[in-house]
Amino acid sequence: MEDVSETTDERFTQSFDELRSARPYGSRVEPVTGPVADWATDFSHMEEEWADDCYRIQDDLRERCPIAHTERFGGAWLPVRHDDVAEIAYDTQRFSSRSPVVGNFRPPLDLAPVGGVPPISSDPPFHHDARKLLLPAFTRTAVGKLEPATRAFCHRLIDEMGDAAVVDAATDYAQHIPMRVIAEMLGFPAEDGPKFRQYVEDTLEGINLPPEERLEKVGKLFDYLLVQIRAHLAEPANDLTTYLLEAEIYGQKLDPFHVAGTMSLMLVAGIDTTWSAIGASLWHLAKTPSDLERLVAEPELLPTAMEEFLRAYAPVTMGRLVTQDMQWHGVDMKAEDWILLSFPAANRDPAKFDRADEVVIDRAVNKHAAFGLGIHRCVGSHLARMELRVALEVWLERFPHFSLADPDAVRWSTGQVRGPRTLPLRVK
Ligand code: HEM
């Protein structure tokens with residue numbers, strides 16, 4: 001009898017070789033980097049000025065040019081009003097998710113409707129079926145089972161800090177929590193965390209690299225995934241990797257690209273995002289003693305405080321591609337223009353939120369868009385909220401008093417996922 005796992009292994013090996021040798025690049029443009037002259041006509045989310053304070057920039061644009069444009073990345077638009085962001089998120093006909101990371105090359109058109117990392121890169125009708133596959137792994141109940149181990153891990157991270165008076169809450173704490181949780185869910189070795197970090201950085205922050213170099217980096221990620229896939233084919237486990245290998249869509253096993261694409265999406269969507277949300281929340285508390293004291297004295301405020309941190313410091317901005325030439329709210333969009341879909345800007349629109357630019361930790365009504373809007377709304381939101389809550393609960397229990405050790409040393413990431421990457425805090 002034919003050995004099924006061997007045939008499957010071959011299927012994966014062949015597909016991944018094909019990816020490396022034959023995948024076309026689509027259209028490319030030369031990168032433009034350097035200071036921005038005018039954010040209304042030349043914006044770039046890859047510059048340090050954006051990383052330092054993208055809210056100020058987007059608030060200013062809302063006043064004078066609510067749909068900004070740039071020639072960088074071969075042409076992109078940045079709408080900053082809540083209702084415009086929502087309209088685009090809901091209009092999957094005219095705005096495709098084929099490539100959710102805005103960069104210097106557009107992947108080929110025939111990548112739609114699946115895209116490289118389903119379901120986030122998928123358009124209807126395929127999107128619905130690819131998303132449905134993932135839902136059981138991310139229910140509140142499924143996520144609840146991961147909570148005790150996550151809590152114990154947070155305590156361990158703090159134990160490992162020893163007696164240090166100053167610690168880096170981004171690199172010594174926040175970053176490790178989602179890495180560990182995702183490794184556990186996928187059934188990857190826990191110590192591979194730093195490798196994931198590199199893959200995520202390559203995907204999200206390497207967008208000015210030539211496409212060949214970017215694809216080479218993606219190749220490295222796929223080599224790593226192939227090792228994990230082989231291990232799971234040889235020894236199936238009760239985890240997300242085996243689940244994806246055994247899952248079917250339209251009566252057939254998932255295509256190898258679909259399996260690997262979804263696995264890499266888990267690494268990219270699951271790590272930087274939550275790391276950023278935890279880091280930004282700690283940063284806010286460190287620089288706002290009144291909120292820190294109140295939250296320590298009234299821990300029952302944590303649920304509203306968390307939602308407010310997610311609103312005010314929403315880490316995720318997504319990309320869309322315009323599907324047809326059109327006039328849209330007074331601007332001339334062309335097919336294949338990018339949209340930088342800023343959920344952070346939507347969350348700070350005074351037309352939607354009272355005191356939009358303030359952090360109000362007991363805000364009662366908070367319909368923020370940090371997890372997106374429409375069909376692509378975050379599949380991992382229960383997981384993200386569990387990780388954020390546990391990370392903050394443990395931190396506040398262990399360090400009820402902390403502050404910024406050196407405000408000038410705090411560094412924020414550039415690109416579409418924004419959070420502190422260096423965050424020295426004085427904890428003693
Ligand atoms: C605070 C942390 C997080 C934030 C702010 C966040 C934000 C988002 C946003 C804005 C989207 C919508 C994308 C779009 O419209 O194109 C999204 C989609 C998604 N997120 Fe999250 N996310 C977080 C954590 C996670 C985690 C932990 C996971 C899982 C490990 C995850 C998995 C996904 C997936 C699979 C999608 C695609 C859903 C679809 O296309 O139907 N996210 N997320």
# chains A, B, ... in the order shown; residues from 1 in each chain; ligands from 1
>>> closest_atom_pairs(of="chain A", to="ligand 1", cutoff="7 Å", atoms="only C-alpha atoms and all ligand atoms", output="Markdown table")
| residue | atom | partner | partner_atom_place_in_ligand_line | distance |
| --- | --- | --- | --- | --- |
| A:Ala89 | CA | ligand 1 | 15 (O) | 6.2 |
| A:Ser97 | CA | ligand 1 | 16 (O) | 6.5 |
| A:Pro100 | CA | ligand 1 | 16 (O) | 6.3 |
| A:Pro118 | CA | ligand 1 | 40 (O) | 6.9 |
| A:Pro119 | CA | ligand 1 | 40 (O) | 4.4 |
| A:Ile120 | CA | ligand 1 | 40 (O) | 3.2 |
| A:Ser121 | CA | ligand 1 | 40 (O) | 6.6 |
| A:Ser122 | CA | ligand 1 | 40 (O) | 6.9 |
| A:His127 | CA | ligand 1 | 41 (O) | 6.8 |
| A:Arg131 | CA | ligand 1 | 41 (O) | 5.1 |
| A:Pro178 | CA | ligand 1 | 27 (C) | 6.9 |
| A:Ile182 | CA | ligand 1 | 30 (C) | 6.3 |
| A:Leu265 | CA | ligand 1 | 35 (C) | 6.6 |
| A:Met266 | CA | ligand 1 | 30 (C) | 4.8 |
| A:Leu267 | CA | ligand 1 | 30 (C) | 6.9 |
| A:Ala269 | CA | ligand 1 | 31 (C) | 4.8 |
| A:Gly270 | CA | ligand 1 | 30 (C) | 3.7 |
| A:Ile271 | CA | ligand 1 | 27 (C) | 6.5 |
| A:Thr273 | CA | ligand 1 | 2 (C) | 4.4 |
| A:Thr274 | CA | ligand 1 | 2 (C) | 3.9 |
| A:Ala277 | CA | ligand 1 | 1 (C) | 5.1 |
| A:Leu310 | CA | ligand 1 | 5 (C) | 6.9 |
| A:Ala314 | CA | ligand 1 | 5 (C) | 5.9 |
| A:Pro315 | CA | ligand 1 | 5 (C) | 5.4 |
| A:Val316 | CA | ligand 1 | 10 (C) | 5.2 |
| A:Thr317 | CA | ligand 1 | 10 (C) | 6.4 |
| A:Met318 | CA | ligand 1 | 16 (O) | 5.3 |
| A:Gly319 | CA | ligand 1 | 16 (O) | 6.8 |
| A:Phe343 | CA | ligand 1 | 10 (C) | 6.6 |
| A:Ala370 | CA | ligand 1 | 5 (C) | 5.1 |
| A:Phe371 | CA | ligand 1 | 10 (C) | 4.0 |
| A:Gly372 | CA | ligand 1 | 10 (C) | 3.7 |
| A:Leu373 | CA | ligand 1 | 15 (O) | 6.2 |
| A:Ile375 | CA | ligand 1 | 41 (O) | 5.8 |
| A:His376 | CA | ligand 1 | 41 (O) | 3.5 |
| A:Arg377 | CA | ligand 1 | 12 (C) | 4.6 |
| A:Cys378 | CA | ligand 1 | 18 (C) | 3.5 |
| A:Val379 | CA | ligand 1 | 34 (C) | 4.6 |
| A:Gly380 | CA | ligand 1 | 28 (C) | 3.6 |
| A:Ser381 | CA | ligand 1 | 24 (C) | 5.7 |
| A:Leu383 | CA | ligand 1 | 27 (C) | 5.4 |
| A:Ala384 | CA | ligand 1 | 27 (C) | 4.5 |
| A:Arg385 | CA | ligand 1 | 1 (C) | 6.8 |
>>> write_last_selection(atoms="N, CA and C atoms", output="compact mmCIF listing (two decimals), in the first residue's frame")
# COMPACT_ATOMS: atom_id res chain seq x y z
N ALA A 89 -13.15 48.75 3.86
CA ALA A 89 -13.06 47.40 4.45
C ALA A 89 -14.26 46.55 4.03
N SER A 97 -7.92 42.14 -1.23
CA SER A 97 -6.95 41.82 -0.17
C SER A 97 -5.80 40.97 -0.71
N PRO A 100 -1.93 41.96 1.40
CA PRO A 100 -2.24 42.88 2.51
C PRO A 100 -1.06 43.72 3.00
N PRO A 118 -3.73 32.81 3.01
CA PRO A 118 -5.17 32.78 3.27
C PRO A 118 -5.47 32.60 4.76
N PRO A 119 -6.55 33.20 5.29
CA PRO A 119 -7.59 33.92 4.58
C PRO A 119 -7.38 35.43 4.48
N ILE A 120 -6.29 35.97 5.08
CA ILE A 120 -6.18 37.43 5.13
C ILE A 120 -5.94 38.00 3.73
N SER A 121 -5.35 37.17 2.85
CA SER A 121 -5.05 37.62 1.49
C SER A 121 -6.11 37.16 0.50
N SER A 122 -7.21 36.63 0.98
CA SER A 122 -8.21 36.05 0.08
C SER A 122 -9.40 36.98 -0.11
N HIS A 127 -12.56 33.37 0.34
CA HIS A 127 -12.23 33.83 1.69
C HIS A 127 -13.09 33.17 2.76
N ARG A 131 -11.54 31.03 5.85
CA ARG A 131 -11.68 31.59 7.20
C ARG A 131 -12.38 30.59 8.11
N PRO A 178 3.34 36.26 22.87
CA PRO A 178 2.67 35.68 21.69
C PRO A 178 3.51 34.64 20.95
N ILE A 182 1.87 31.01 20.14
CA ILE A 182 1.71 30.53 18.76
C ILE A 182 2.52 29.24 18.54
N LEU A 265 0.95 33.01 8.10
CA LEU A 265 0.05 34.08 8.57
C LEU A 265 -0.07 34.04 10.10
N MET A 266 -0.16 32.83 10.64
CA MET A 266 -0.28 32.72 12.11
C MET A 266 0.93 33.37 12.79
N LEU A 267 2.12 33.15 12.21
CA LEU A 267 3.32 33.72 12.81
C LEU A 267 3.30 35.25 12.69
N ALA A 269 0.61 37.33 11.82
CA ALA A 269 -0.56 38.01 12.41
C ALA A 269 -0.60 37.84 13.92
N GLY A 270 -0.02 36.75 14.40
CA GLY A 270 -0.17 36.43 15.82
C GLY A 270 0.89 37.03 16.72
N ILE A 271 2.06 37.38 16.16
CA ILE A 271 3.15 37.77 17.06
C ILE A 271 3.31 39.29 17.18
N THR A 273 1.58 41.78 16.31
CA THR A 273 0.36 42.48 16.68
C THR A 273 0.20 42.52 18.21
N THR A 274 0.23 41.34 18.82
CA THR A 274 -0.04 41.25 20.25
C THR A 274 1.13 41.81 21.05
N ALA A 277 0.58 45.42 21.07
CA ALA A 277 -0.52 45.86 21.94
C ALA A 277 -0.09 45.81 23.41
N LEU A 310 -6.35 49.41 23.07
CA LEU A 310 -6.47 48.88 21.70
C LEU A 310 -6.97 49.96 20.75
N ALA A 314 -4.01 51.29 18.40
CA ALA A 314 -4.28 50.15 17.50
C ALA A 314 -3.03 49.83 16.70
N PRO A 315 -2.51 48.62 16.80
CA PRO A 315 -1.23 48.37 16.16
C PRO A 315 -1.29 48.08 14.66
N VAL A 316 -2.48 47.70 14.15
CA VAL A 316 -2.48 47.13 12.79
C VAL A 316 -3.11 48.03 11.73
N THR A 317 -2.35 48.25 10.65
CA THR A 317 -2.82 48.93 9.44
C THR A 317 -2.73 47.92 8.31
N MET A 318 -3.76 47.78 7.49
CA MET A 318 -3.72 46.75 6.46
C MET A 318 -3.61 47.34 5.07
N GLY A 319 -3.30 46.50 4.09
CA GLY A 319 -3.22 46.96 2.71
C GLY A 319 -4.39 46.43 1.89
N PHE A 343 -6.58 51.39 10.44
CA PHE A 343 -7.51 51.23 11.56
C PHE A 343 -7.12 52.18 12.71
N ALA A 370 -9.78 48.30 16.05
CA ALA A 370 -8.42 47.75 16.12
C ALA A 370 -8.33 46.36 15.51
N PHE A 371 -9.40 45.58 15.60
CA PHE A 371 -9.38 44.22 15.03
C PHE A 371 -9.95 44.20 13.61
N GLY A 372 -10.11 45.36 13.00
CA GLY A 372 -10.58 45.42 11.63
C GLY A 372 -12.10 45.52 11.57
N LEU A 373 -12.60 45.62 10.34
CA LEU A 373 -14.03 45.77 10.09
C LEU A 373 -14.37 44.91 8.88
N ILE A 375 -15.45 41.51 6.54
CA ILE A 375 -15.26 40.05 6.48
C ILE A 375 -13.90 39.59 7.00
N HIS A 376 -12.90 40.47 7.01
CA HIS A 376 -11.56 40.05 7.46
C HIS A 376 -11.32 40.31 8.94
N ARG A 377 -12.38 40.69 9.66
CA ARG A 377 -12.18 41.01 11.08
C ARG A 377 -11.39 39.91 11.76
N CYS A 378 -10.50 40.31 12.66
CA CYS A 378 -9.49 39.41 13.24
C CYS A 378 -10.06 38.09 13.78
N VAL A 379 -9.52 36.99 13.26
CA VAL A 379 -9.90 35.66 13.74
C VAL A 379 -9.32 35.42 15.14
N GLY A 380 -8.21 36.08 15.43
CA GLY A 380 -7.50 35.82 16.69
C GLY A 380 -7.85 36.78 17.81
N SER A 381 -9.00 37.49 17.71
CA SER A 381 -9.26 38.55 18.70
C SER A 381 -9.43 38.00 20.13
N LEU A 383 -7.98 35.37 21.34
CA LEU A 383 -6.63 34.99 21.77
C LEU A 383 -5.83 36.25 22.14
N ALA A 384 -5.92 37.26 21.26
CA ALA A 384 -5.17 38.49 21.52
C ALA A 384 -5.61 39.13 22.83
N ARG A 385 -6.92 39.15 23.05
CA ARG A 385 -7.42 39.78 24.29
C ARG A 385 -6.98 38.98 25.51
>>> select_by_dssp(residues="stretch 25-247 of chain A", states="strand (DSSP E or B)", output="ChimeraX atom specification")
/A:27-28,67-70,76-79,95-96,105-106,166-168
>>> residues_around(residues="stretch 62-79 of chain A", least_positions_apart="4", cutoff="6 Å", atoms="only C-alpha atoms", output="list in words")
Val29, Val32, Ala40, Thr41, Asp42, Phe43, Gly103, Asn104, Asp337, Trp338, Ile339 and Leu340 of chain A
>>> write_last_selection(atoms="C-alpha atoms", output="short mmCIF file (atom, residue, chain, number, x, y, z; two decimals), in the first residue's frame")
data_model
loop_
_atom_site.label_atom_id
_atom_site.label_comp_id
_atom_site.auth_asym_id
_atom_site.auth_seq_id
_atom_site.Cartn_x
_atom_site.Cartn_y
_atom_site.Cartn_z
CA VAL A 29 8.86 49.73 -8.66
CA VAL A 32 11.85 55.61 -2.56
CA ALA A 40 -0.64 64.77 2.08
CA THR A 41 1.20 64.07 -1.18
CA ASP A 42 4.24 61.98 -0.25
CA PHE A 43 3.38 59.85 2.81
CA GLY A 103 5.30 47.29 -0.73
CA ASN A 104 7.37 47.92 -3.81
CA ASP A 337 -3.10 51.52 -6.55
CA TRP A 338 -2.51 50.53 -2.94
CA ILE A 339 -4.71 51.58 -0.04
CA LEU A 340 -3.05 51.87 3.34
#
>>> residues_around(residues="A:Trp412", least_positions_apart="5", cutoff="6 Å", atoms="only C-alpha atoms", output="list in words")
Ala51, Gly419, Pro420 and Arg421 of chain A
>>> select_by_dssp(residues="stretch 128-337 of chain A", states="alpha helix (DSSP H)", output="VMD selection string")
chain A and resid 128 to 134 140 to 144 147 to 160 176 to 186 193 to 205 211 to 234 240 to 246 256 to 287 289 to 297 302 to 312
>>> atom_distance(atom1="atom CA of A:Gly251", atom2="atom CA of A:Asp129")
11.8 Å
>>> residues_around(residues="A:Glu387", least_positions_apart="3", cutoff="9 Å", atoms="only C-alpha atoms", output="list of chain:residue names")
A:Glu147, A:Thr150, A:Arg151, A:Ile177, A:Pro178, A:Val181, A:Thr274, A:Ile278, A:His382, A:Leu383, A:Ala384, A:Val390, A:Ala391, A:Leu392
>>> closest_residue(among="A:Lys253, A:His401, A:Arg363, A:Arg426", to="A:Glu293", atoms="only C-alpha atoms")
A:His401
>>> residues_around(residues="A:Met306", least_positions_apart="4", cutoff="8 Å", atoms="only C-alpha atoms", output="PyMOL selection string")
chain A and resi 281+302+310+361+388-389
